[in-house]
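Trainee: Contents of coords_12.txt (compact mmCIF, C-alpha atoms and all ligand atoms) are given next:
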```txt
# COMPACT_ATOMS: atom_id res chain seq x y z
CA MET A 21 60.59 68.98 109.03
CA LYS A 22 63.36 70.65 110.97
CA GLN A 23 65.05 68.27 113.38
CA THR A 24 65.36 71.02 115.99
CA LYS A 25 61.54 70.94 116.10
CA LEU A 26 61.06 67.18 115.77
CA PHE A 27 59.26 65.57 118.75
CA THR A 28 61.82 62.74 118.91
CA LYS A 29 65.60 62.41 119.05
CA THR A 30 67.80 59.47 118.20
CA ILE A 31 68.63 57.56 121.36
CA LYS A 32 71.65 55.57 122.48
CA GLU A 33 70.25 53.68 125.49
CA LEU A 34 67.91 50.84 124.54
CA PRO A 35 65.50 49.01 126.83
CA LYS A 36 67.49 46.02 128.12
CA ASP A 37 64.82 43.47 127.23
CA GLU A 38 64.61 44.52 123.57
CA THR A 39 66.44 41.82 121.63
CA SER A 40 64.94 42.06 118.13
CA TYR A 41 66.77 44.09 115.48
CA ASN A 42 63.65 45.76 114.07
CA ALA A 43 62.57 47.19 117.41
CA GLN A 44 66.14 48.16 118.39
CA ALA A 45 66.69 50.10 115.15
CA LEU A 46 63.26 51.78 115.23
CA LEU A 47 63.69 52.70 118.92
CA ARG A 48 67.19 54.12 118.39
CA ALA A 49 66.11 56.13 115.35
CA GLY A 50 63.08 57.52 117.20
CA PHE A 51 60.36 55.85 115.08
CA ILE A 52 58.69 54.00 117.95
CA ASP A 53 58.62 53.90 121.74
CA LYS A 54 58.16 50.83 123.87
CA LEU A 55 55.44 50.96 126.53
CA ALA A 56 55.47 47.26 127.48
CA ALA A 57 56.51 43.97 125.88
CA GLY A 58 54.79 43.84 122.49
CA VAL A 59 53.17 47.28 122.96
CA TYR A 60 54.63 50.26 121.10
CA SER A 61 53.81 53.88 120.32
CA PHE A 62 54.41 55.12 116.79
CA LEU A 63 56.19 58.47 116.84
CA PRO A 64 56.14 61.10 114.05
CA LEU A 65 58.75 59.41 111.81
CA GLY A 66 57.31 55.94 112.39
CA TRP A 67 53.73 57.08 111.90
CA ARG A 68 54.64 58.70 108.56
CA VAL A 69 55.94 55.32 107.38
CA ILE A 70 52.82 53.57 108.69
CA ASN A 71 50.63 56.09 106.85
CA LYS A 72 52.45 55.42 103.59
CA ILE A 73 52.09 51.66 104.02
CA GLN A 74 48.38 52.18 104.78
CA GLY A 75 47.99 54.36 101.69
CA ILE A 76 49.34 51.62 99.42
CA ILE A 77 47.17 48.97 101.07
CA ARG A 78 44.05 51.16 100.85
CA GLU A 79 44.54 51.76 97.14
CA GLU A 80 44.95 48.07 96.42
CA MET A 81 41.96 47.06 98.57
CA MET A 82 39.73 49.66 96.91
CA ALA A 83 40.94 48.40 93.51
CA ILE A 84 39.29 45.04 94.35
CA ASP A 85 36.09 46.82 95.44
CA GLY A 86 36.83 46.81 99.17
CA GLN A 87 34.86 49.48 101.04
CA GLU A 88 36.58 50.89 104.12
CA ILE A 89 34.83 50.72 107.48
CA ASN A 90 35.96 50.78 111.10
CA MET A 91 34.70 48.24 113.60
CA PRO A 92 35.11 48.43 117.39
CA SER A 93 38.13 46.96 119.16
CA LEU A 94 35.78 45.76 121.90
CA ALA A 95 33.22 43.00 121.37
CA PRO A 96 30.77 41.32 123.77
CA LYS A 97 31.57 37.79 124.94
CA GLU A 98 28.32 36.48 123.35
CA ASN A 99 29.63 37.07 119.81
CA TRP A 100 32.70 34.98 120.54
CA GLN A 101 30.62 32.28 122.25
CA ALA A 102 28.47 32.00 119.12
CA THR A 103 31.44 30.66 117.14
CA GLY A 104 32.96 28.68 120.02
CA ARG A 105 36.13 30.72 119.90
CA TRP A 106 35.59 32.19 123.40
CA GLU A 107 36.78 28.79 124.64
CA THR A 108 39.14 27.66 121.86
CA LEU A 109 41.24 30.71 120.97
CA ASP A 110 43.98 30.76 123.61
CA VAL A 111 45.33 34.24 122.74
CA LEU A 112 41.99 35.95 123.31
CA PHE A 113 42.25 39.08 125.47
CA LYS A 114 39.26 38.78 127.80
CA LEU A 115 38.15 41.54 130.11
CA ALA A 116 35.40 42.23 132.60
CA GLY A 117 33.22 45.30 132.24
CA SER A 118 31.80 47.12 135.25
CA ASP A 119 28.34 46.08 133.97
CA ASP A 120 29.11 42.48 135.04
CA LYS A 121 29.52 41.52 131.39
CA GLU A 122 32.63 40.13 129.76
CA TYR A 123 34.30 41.48 126.64
CA VAL A 124 36.99 40.63 124.12
CA LEU A 125 39.66 42.91 122.67
CA ASN A 126 39.35 41.57 119.14
CA PRO A 127 42.30 39.75 117.54
CA THR A 128 40.24 39.42 114.31
CA HIS A 129 36.73 40.49 113.33
CA GLU A 130 34.69 37.60 111.93
CA GLU A 131 32.59 37.70 115.11
CA VAL A 132 31.79 41.37 114.44
CA VAL A 133 31.63 41.64 110.66
CA THR A 134 29.36 38.62 110.11
CA PRO A 135 26.44 39.87 112.28
CA LEU A 136 27.09 43.31 110.80
CA ALA A 137 26.73 41.98 107.23
CA LYS A 138 23.48 40.27 108.29
CA LYS A 139 21.95 43.73 108.72
CA PHE A 140 22.56 44.65 105.07
CA ILE A 141 22.74 41.48 102.97
CA TYR A 142 19.35 39.93 102.08
CA SER A 143 19.42 38.96 98.46
CA TYR A 144 21.75 37.78 95.70
CA ARG A 145 21.53 41.34 94.35
CA GLU A 146 23.73 42.56 97.23
CA LEU A 147 26.47 40.04 96.46
CA PRO A 148 29.40 40.02 96.10
CA MET A 149 30.38 42.57 98.75
CA ALA A 150 33.69 43.31 100.45
CA VAL A 151 34.57 45.52 103.42
CA PHE A 152 37.91 46.20 105.05
CA GLN A 153 39.37 48.12 107.95
CA ILE A 154 42.75 49.21 109.23
CA GLN A 155 42.72 48.91 112.98
CA ASN A 156 44.55 47.90 116.15
CA LYS A 157 44.16 44.27 117.16
CA PHE A 158 45.12 42.39 120.30
CA ARG A 159 46.64 39.02 121.11
CA ASN A 160 47.25 37.85 124.65
CA GLU A 161 50.70 36.46 123.79
CA LYS A 162 52.65 34.63 126.46
CA ARG A 163 55.87 35.90 124.93
CA ALA A 164 56.27 39.02 122.83
CA LYS A 165 59.94 39.34 122.03
CA ALA A 166 60.24 39.80 118.29
CA GLY A 167 59.58 43.56 118.37
CA LEU A 168 56.97 44.55 115.81
CA LEU A 169 56.91 41.03 114.36
CA ARG A 170 54.83 39.70 117.26
CA GLY A 171 52.98 42.33 119.23
CA ARG A 172 50.30 42.13 121.89
CA GLU A 173 48.71 45.17 120.25
CA PHE A 174 49.30 45.56 116.54
CA LEU A 175 47.96 47.34 113.48
CA MET A 176 46.28 45.24 110.84
CA LYS A 177 44.30 45.49 107.64
CA ASP A 178 41.53 42.92 107.45
CA LEU A 179 39.16 42.52 104.54
CA TYR A 180 36.09 40.27 104.49
CA SER A 181 34.30 39.24 101.32
CA PHE A 182 30.76 37.87 100.94
CA HIS A 183 29.63 35.73 98.02
CA ALA A 184 26.63 33.85 96.66
CA ASN A 185 28.63 30.77 95.69
CA GLN A 186 32.02 29.09 95.81
CA GLU A 187 32.96 30.03 92.21
CA ASP A 188 32.50 33.70 92.99
CA LEU A 189 34.64 33.39 96.14
CA ASP A 190 37.32 31.52 94.16
CA ALA A 191 37.48 34.27 91.53
CA TYR A 192 37.66 37.00 94.17
CA TYR A 193 40.32 35.11 96.10
CA ASP A 194 42.53 35.04 92.99
CA LYS A 195 42.04 38.79 92.57
CA ALA A 196 43.05 39.29 96.20
CA ILE A 197 46.30 37.35 95.59
CA ILE A 198 47.16 39.77 92.77
CA ALA A 199 46.32 42.76 95.00
CA TYR A 200 48.58 41.38 97.73
CA ASN A 201 51.42 40.83 95.25
CA ASN A 202 51.03 44.47 94.16
CA ILE A 203 51.17 45.62 97.77
CA PHE A 204 54.37 43.74 98.58
CA LYS A 205 55.98 44.92 95.35
CA ARG A 206 55.11 48.53 96.15
CA LEU A 207 56.41 48.12 99.72
CA GLY A 208 59.79 47.02 98.36
CA LEU A 209 59.25 43.45 99.62
CA GLY A 210 58.20 41.87 96.31
CA GLU A 211 61.39 39.85 95.88
CA LYS A 212 61.38 38.65 99.47
CA THR A 213 57.72 37.77 99.93
CA TYR A 214 56.38 34.38 98.85
CA LEU A 215 52.83 33.21 98.36
CA THR A 216 52.88 30.21 100.68
CA PHE A 217 50.58 27.19 100.80
CA ALA A 218 49.10 26.67 104.26
CA SER A 219 46.45 24.24 105.50
CA GLY A 220 42.96 25.15 104.46
CA GLY A 221 40.33 23.83 106.83
CA SER A 222 37.02 22.32 105.80
CA PHE A 223 36.19 24.62 102.85
CA SER A 224 39.35 24.53 100.76
CA LYS A 225 42.40 22.31 100.49
CA TYR A 226 44.79 25.21 101.10
CA SER A 227 44.79 28.69 102.53
CA HIS A 228 47.65 31.03 101.68
CA GLU A 229 50.14 33.01 103.67
CA PHE A 230 52.39 35.77 102.39
CA GLN A 231 55.72 34.98 104.00
CA THR A 232 58.53 37.51 103.97
CA VAL A 233 61.97 35.93 104.14
CA THR A 234 64.04 37.21 107.07
CA GLU A 235 66.40 35.62 109.58
CA ALA A 236 64.27 37.22 112.31
CA GLY A 237 61.19 35.28 111.24
CA GLU A 238 59.65 32.72 113.58
CA ASP A 239 58.19 30.59 110.78
CA ILE A 240 59.97 28.04 108.57
CA ILE A 241 58.94 27.89 104.92
CA TYR A 242 60.09 25.74 101.99
CA ILE A 243 60.58 27.66 98.75
CA CYS A 244 59.99 26.22 95.27
CA GLU A 245 62.28 28.29 93.02
CA THR A 246 60.44 27.04 89.92
CA CYS A 247 57.04 28.44 90.95
CA LYS A 248 58.39 31.26 93.15
CA MET A 249 55.99 29.94 95.79
CA ALA A 250 56.52 28.27 99.13
CA VAL A 251 54.87 25.77 101.47
CA ASN A 252 54.69 26.17 105.24
CA GLN A 253 55.74 23.67 107.87
CA GLU A 254 52.28 22.10 108.33
CA ILE A 255 52.05 21.32 104.61
CA ILE A 256 55.59 19.94 104.37
CA ASN A 257 54.70 17.48 107.10
CA GLU A 258 51.86 16.16 104.93
CA GLN A 259 53.73 16.18 101.62
CA SER A 260 57.37 16.86 100.78
CA SER A 261 56.87 18.44 97.35
CA CYS A 262 55.56 21.69 95.84
CA PRO A 263 51.72 21.35 95.56
CA LYS A 264 51.79 23.24 92.26
CA CYS A 265 54.59 21.59 90.23
CA GLY A 266 55.65 18.58 92.30
CA ASN A 267 59.23 19.86 92.72
CA GLN A 268 60.90 18.02 95.63
CA ASP A 269 63.97 20.26 95.81
CA LEU A 270 62.57 22.88 98.19
CA LYS A 271 64.76 25.40 100.01
CA GLU A 272 64.20 25.76 103.76
CA THR A 273 64.30 29.31 105.11
CA LYS A 274 63.07 31.48 107.99
CA ALA A 275 60.25 33.91 107.30
CA VAL A 276 57.63 36.10 108.93
CA GLU A 277 53.96 35.80 108.04
CA SER A 278 53.12 39.27 106.69
CA GLY A 279 49.66 38.35 105.48
CA ASN A 280 47.21 35.49 105.20
CA ILE A 281 44.10 34.85 103.16
CA PHE A 282 41.49 32.23 103.85
CA LYS A 283 38.38 30.82 102.21
CA LEU A 284 36.06 30.71 105.20
CA GLY A 285 33.11 29.21 103.35
CA THR A 286 30.15 29.09 105.76
CA LYS A 287 32.24 28.73 108.94
CA TYR A 288 31.02 32.09 110.29
CA SER A 289 27.88 32.69 108.24
CA GLN A 290 26.24 29.57 109.76
CA PRO A 291 26.60 30.42 113.48
CA PHE A 292 25.31 33.94 112.77
CA ASP A 293 22.68 32.70 110.31
CA LEU A 294 23.92 34.98 107.52
CA LYS A 295 21.80 33.98 104.53
CA TYR A 296 20.69 35.49 101.25
CA GLN A 297 17.76 34.82 98.98
CA ASP A 298 18.72 33.50 95.53
CA ASN A 299 16.83 34.35 92.33
CA ASN A 300 14.38 31.47 92.95
CA GLY A 301 13.54 32.85 96.37
CA ASP A 302 15.46 30.11 98.21
CA LYS A 303 17.49 30.96 101.34
CA LYS A 304 21.17 30.05 101.11
CA ASP A 305 24.25 30.49 103.28
CA VAL A 306 26.53 33.38 102.36
CA ILE A 307 30.05 32.21 101.45
CA MET A 308 32.86 34.23 103.03
CA GLY A 309 36.57 34.91 102.61
CA CYS A 310 38.98 36.81 104.89
CA TYR A 311 42.20 38.57 103.98
CA GLY A 312 44.61 39.83 106.67
CA LEU A 313 47.76 41.90 106.45
CA GLY A 314 49.82 42.93 109.47
CA ILE A 315 50.81 46.56 108.98
CA SER A 316 53.03 47.06 112.03
CA ARG A 317 54.46 43.61 111.40
CA VAL A 318 55.25 44.52 107.78
CA LEU A 319 57.01 47.64 109.07
CA GLY A 320 59.16 45.39 111.28
CA ALA A 321 59.78 43.00 108.37
CA ILE A 322 60.90 45.87 106.12
CA VAL A 323 63.41 47.01 108.75
CA GLU A 324 64.70 43.43 109.12
CA ALA A 325 65.02 43.10 105.34
CA CYS A 326 66.33 46.59 104.52
CA HIS A 327 69.24 47.67 106.73
CA ASP A 328 73.01 47.60 107.06
CA GLU A 329 75.32 47.90 110.07
CA LYS A 330 74.68 51.66 110.25
CA GLY A 331 70.88 51.58 110.29
CA ILE A 332 67.72 51.41 108.24
CA ILE A 333 67.58 51.81 104.43
CA TRP A 334 63.95 52.73 103.60
CA PRO A 335 62.50 51.78 100.23
CA ASP A 336 61.63 54.99 98.35
CA ASN A 337 57.83 54.48 98.48
CA ILE A 338 57.51 54.34 102.24
CA ALA A 339 60.43 56.39 103.59
CA PRO A 340 59.40 58.85 106.32
CA TYR A 341 61.01 61.56 104.13
CA ARG A 342 62.66 60.94 100.77
CA LEU A 343 65.34 63.60 101.29
CA HIS A 344 67.46 64.21 104.37
CA LEU A 345 69.13 67.62 104.21
CA LEU A 346 72.15 68.09 106.48
CA SER A 347 73.61 71.51 107.17
CA LEU A 348 77.28 71.53 108.18
CA ASN A 349 77.62 74.94 109.85
CA VAL A 350 75.93 76.84 107.00
CA ASN A 351 72.38 77.10 108.35
CA GLN A 352 71.69 80.43 106.66
CA GLU A 353 72.25 78.97 103.19
CA ALA A 354 70.70 75.62 104.10
CA ASP A 355 67.54 77.31 105.44
CA LYS A 356 67.01 78.89 102.01
CA ILE A 357 67.51 75.60 100.21
CA TYR A 358 65.11 73.89 102.63
CA ASP A 359 62.43 76.53 101.99
CA THR A 360 62.84 76.11 98.23
CA LEU A 361 62.52 72.33 98.43
CA ILE A 362 59.47 72.50 100.72
CA LYS A 363 57.76 75.04 98.44
CA SER A 364 58.23 72.60 95.55
CA GLY A 365 56.36 69.96 97.53
CA LEU A 366 59.33 67.72 98.31
CA GLU A 367 59.48 65.68 101.51
CA VAL A 368 62.51 66.85 103.44
CA LEU A 369 63.87 66.10 106.88
CA TYR A 370 66.29 68.92 107.69
CA ASP A 371 69.09 68.45 110.20
CA ASP A 372 69.56 72.03 111.40
CA ARG A 373 70.87 70.92 114.80
CA ASP A 374 74.06 72.25 116.33
CA LEU A 375 75.98 68.97 116.12
CA SER A 376 79.21 67.70 114.57
CA ALA A 377 79.27 66.40 110.99
CA GLY A 378 80.04 62.91 112.34
CA GLU A 379 76.97 62.88 114.58
CA LYS A 380 74.74 64.12 111.75
CA PHE A 381 76.04 61.51 109.29
CA ALA A 382 75.55 58.74 111.86
CA ASP A 383 71.96 59.84 112.58
CA ALA A 384 71.17 60.14 108.86
CA ASP A 385 72.37 56.58 108.29
CA LEU A 386 70.39 55.35 111.31
CA ILE A 387 67.14 57.09 110.24
CA GLY A 388 67.67 55.82 106.71
CA CYS A 389 66.02 58.32 104.33
CA PRO A 390 66.79 57.17 100.75
CA TYR A 391 68.71 60.35 99.75
CA ARG A 392 71.14 62.42 101.83
CA LEU A 393 71.89 66.01 100.87
CA VAL A 394 74.80 67.78 102.55
CA VAL A 395 75.22 71.54 102.41
CA SER A 396 78.63 72.76 103.53
CA LYS A 397 81.09 75.51 102.65
CA LYS A 398 82.85 72.96 100.46
CA SER A 399 79.69 71.86 98.61
CA LEU A 400 78.61 75.47 98.05
CA GLU A 401 82.04 76.29 96.56
CA LYS A 402 81.55 73.38 94.18
CA GLY A 403 78.19 74.74 93.11
CA GLY A 404 75.49 73.15 95.23
CA LEU A 405 74.74 70.22 97.51
CA GLU A 406 76.38 66.86 97.95
CA LEU A 407 73.86 64.12 97.06
CA LYS A 408 74.29 60.51 98.16
CA GLN A 409 71.90 57.59 98.09
CA ARG A 410 71.60 55.81 101.45
CA SER A 411 72.21 52.47 99.74
CA SER A 412 75.30 53.64 97.82
CA GLN A 413 78.72 55.16 98.50
CA VAL A 414 78.71 57.41 95.41
CA GLU A 415 78.48 61.15 96.05
CA GLU A 416 77.78 63.86 93.49
CA ILE A 417 77.43 67.63 93.56
CA ILE A 418 74.03 68.81 92.40
CA SER A 419 72.59 72.32 92.06
CA THR A 420 69.27 73.18 93.69
CA THR A 421 67.71 73.59 90.24
CA ASP A 422 68.82 70.11 89.10
CA LEU A 423 67.69 68.67 92.43
CA LEU A 424 64.21 70.08 91.94
CA SER A 425 63.90 68.71 88.43
CA ARG A 426 65.13 65.26 89.53
CA PHE A 427 62.91 64.85 92.59
CA SER A 428 59.79 66.88 91.79
ZN ZN B 501 56.63 24.46 92.36
```
Any chance you could give the structure as structure tokens?
Mentor:
Amino acid sequence: MKQTKLFTKTIKELPKDETSYNAQALLRAGFIDKLAAGVYSFLPLGWRVINKIQGIIREEMMAIDGQEINMPSLAPKENWQATGRWETLDVLFKLAGSDDKEYVLNPTHEEVVTPLAKKFIYSYRELPMAVFQIQNKFRNEKRAKAGLLRGREFLMKDLYSFHANQEDLDAYYDKAIIAYNNIFKRLGLGEKTYLTFASGGSFSKYSHEFQTVTEAGEDIIYICETCKMAVNQEIINEQSSCPKCGNQDLKETKAVESGNIFKLGTKYSQPFDLKYQDNNGDKKDVIMGCYGLGISRVLGAIVEACHDEKGIIWPDNIAPYRLHLLSLNVNQEADKIYDTLIKSGLEVLYDDRDLSAGEKFADADLIGCPYRLVVSKKSLEKGGLELKQRSSQVEEIISTTDLLSRFS
């Protein structure tokens, strides 16, 4: 992608009310645009990152037999009345239709997926079953000031699983934990994300959150270094030790909830009368689980976790482009190199703009592609391009041929 053709530019003036680092950096680098508090557009660079995050999540959800669907953002009031959450969920976005009916902009989809499953699940033969979607969700937040960490509209993956009995749910739930660990590892957040005990509700003692440690987080968690797990604030109020090993020496830290998984049991299958017939012909309640992961929130968490004073440092797997090629007044030569790299299938952002070296270096650091390639008279005299990792200060001269063999 040539930067002279890129839809966005880096910007210097930030919206005055934007106080969170993640949104400031992404706005300045041209990854997102702010429409209103907690409401953002994803621009070409930002959407490329989102697509890569989605790709990783999709693969891991399909690996645990999740089938992708897409449910509506809009749901009738009656579905939310059926579970009582029309009255009890204070962040529900309610709206009036011109047909005199009321609607909800869904913050989660139990009220949609459960009656949907009722149309297809009759017998034990159809179980277990799991469906997921990646979709925009809505929360009517009073305050939305943490950038992408707490949006009014946000992108989420939610998976719902349906089971004949508790044992089957328990086994699937453990598989989901492994899938989530894989996701965070692949997103470059493995070291910083902790499986965290949270309160469970009536069907299990605990639910689990995946908390990513960052100073920008609004949650407080208590880490057990022995188990590499954590407990959230609700749990620490009930007991002051690690539920797994009993360790009392827990480390308090700020974190953001990147994901959560929950054994729902029959909480939603009962109000919607979702039953199946077992092999004796008896009708039984379907047992459910739900598994959420905030995609735009994870993007914000990655920016909070992976940056320095100059800008973002993208993990390799999800960078908008792996290579950032900068031409310092040698566009004719750089154009040829760019064409060669593109033809070899490499992902390259190419700064072919008529700007000073200083401005190009500053923008490259701000945008944060993992590898910077500089083509200049000096580098060409030395036999190629100057290669530097965004996270390092070491520079080396590399020929186009060696570059292709290293990055292809
Ligand atoms: Zn422990």
Trainee: Please identify all protein, DNA and RNA residues within 7 Å of ligand ZN 501 (chain B), counting all atoms listed in the file, and report them as a list in words.
Mentor: Cys244, Glu245, Thr246, Cys247, Met249, Cys262, Pro263, Lys264, Cys265, Gly266 and Asn267 of chain A
Trainee: Using all atoms listed in the file, list the residues that have an atom at most 10 Å from (66.8, 41.1, 107.3), coordinates as in the file, as JSON, numbers by chain.
Mentor: {"A": [41, 42, 212, 232, 233, 234, 235, 236, 237, 275, 320, 321, 322, 323, 324, 325, 326, 327, 328]}
Trainee: Rank nothing, just name the residue among A:Lys97, A:Lys72, A:Lys29, A:Lys271 nearest to A:Phe51, using all atoms listed in the file.
Mentor: A:Lys29
Trainee: So which one's closest to A:Phe204, A:Ile240, A:Leu400, A:Met81, A:Val318? Using all atoms listed in the file, please.
Mentor: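 Going through A:Ile240, A:Leu400, A:Met81, A:Val318 one by one, the smallest distance to A:Phe204 is for A:Val318.
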Trainee: For a test of reading the model, state the distance in Å between atom CA of A:Arg170 and atom CA of A:Val133, rounded to one decimal.
Mentor: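 About the pair atom CA of A:Arg170 and atom CA of A:Val133: they are 24.2 Å apart.
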Trainee: Stretch 68-72 of chain A, all listed atoms, 3 Å padding on each side: what axis-aligned box centre and edge lengths in Å to one decimal come out, as AutoDock Vina command-line options?
Mentor:
```
--center_x 53.3 --center_y 56.1 --center_z 106.1 --size_x 11.3 --size_y 11.1 --size_z 11.1
```
Trainee: Point out the residue among A:Leu343, A:Leu65, A:Val151, A:Ala95 with the least atom-to-atom distance to A:Phe27, counting only C-alpha atoms.
Mentor: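 Looking at the shortest contact to A:Phe27, the residue is A:Leu65.
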Trainee: Just how far from atom CA of A:Phe381 is atom CA of A:Asp37, in Å to one decimal?
Mentor: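 Atom-to-atom, atom CA of A:Asp37 and atom CA of A:Phe381 are spaced 27.8 Å apart.
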Trainee: Which residues are near A:Ala57? Cut-off 12 Å, all atoms listed in the file, ignore same chain within fewer than 5 positions. Put them as JSON, numbers by chain.
Mentor: {"A": [35, 36, 37, 38, 39, 40, 43, 160, 161, 162, 163, 164, 165, 166, 167, 168, 169, 170, 171, 172, 173, 174]}
Trainee: Give me, as a ChimeraX atom specification, all polymer residues having an atom no more than 12 Å from A:Gly221, counting only C-alpha atoms and skipping those fewer than 5 positions away in the same chain.
Mentor: /A:226-228,282-287
Trainee: May I ask which of the residues A:Leu369, A:Leu179, A:Ala184, A:Ile333 is the closest one to A:Ser347, counting all atoms listed in the file?
Mentor: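 Using all atoms listed in the file, A:Ser347 sits closest to A:Leu369.
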Trainee: Go through A:Ser143, A:Ser278, A:Gln155, A:Asn257 and flag the residue nearest A:Gly210, using only C-alpha atoms for the distances.
Mentor: A:Ser278
Trainee: Write out as a list in words each polymer residue whose atoms come within 8 Å of A:Pro96, counting only C-alpha atoms; drop sequence neighbours fewer than 4 positions from it.
Mentor: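 Close residues of A:Pro96: Trp100, Lys121, Glu122, Tyr123 and Val124 of chain A.
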Trainee: Which distance in Å separates atom CA of A:Arg426 and atom CA of A:Leu209, to one decimal?
Mentor: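 Atom-to-atom, atom CA of A:Arg426 to atom CA of A:Leu209, that is 24.7 Å.
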Trainee: With distances taken over all atoms listed in the file, which of A:Leu319, A:Gln352, A:Leu407, A:Lys274 is nearest to A:Leu207?
Mentor: A:Leu319
Trainee: Can you pull out every residue within 7 Å of A:Pro340, counting all atoms listed in the file, but drop anything in the same chain fewer than 3 positions away, and send it as a PyMOL selection string?
Mentor: chain A and resi 65+68-69+389
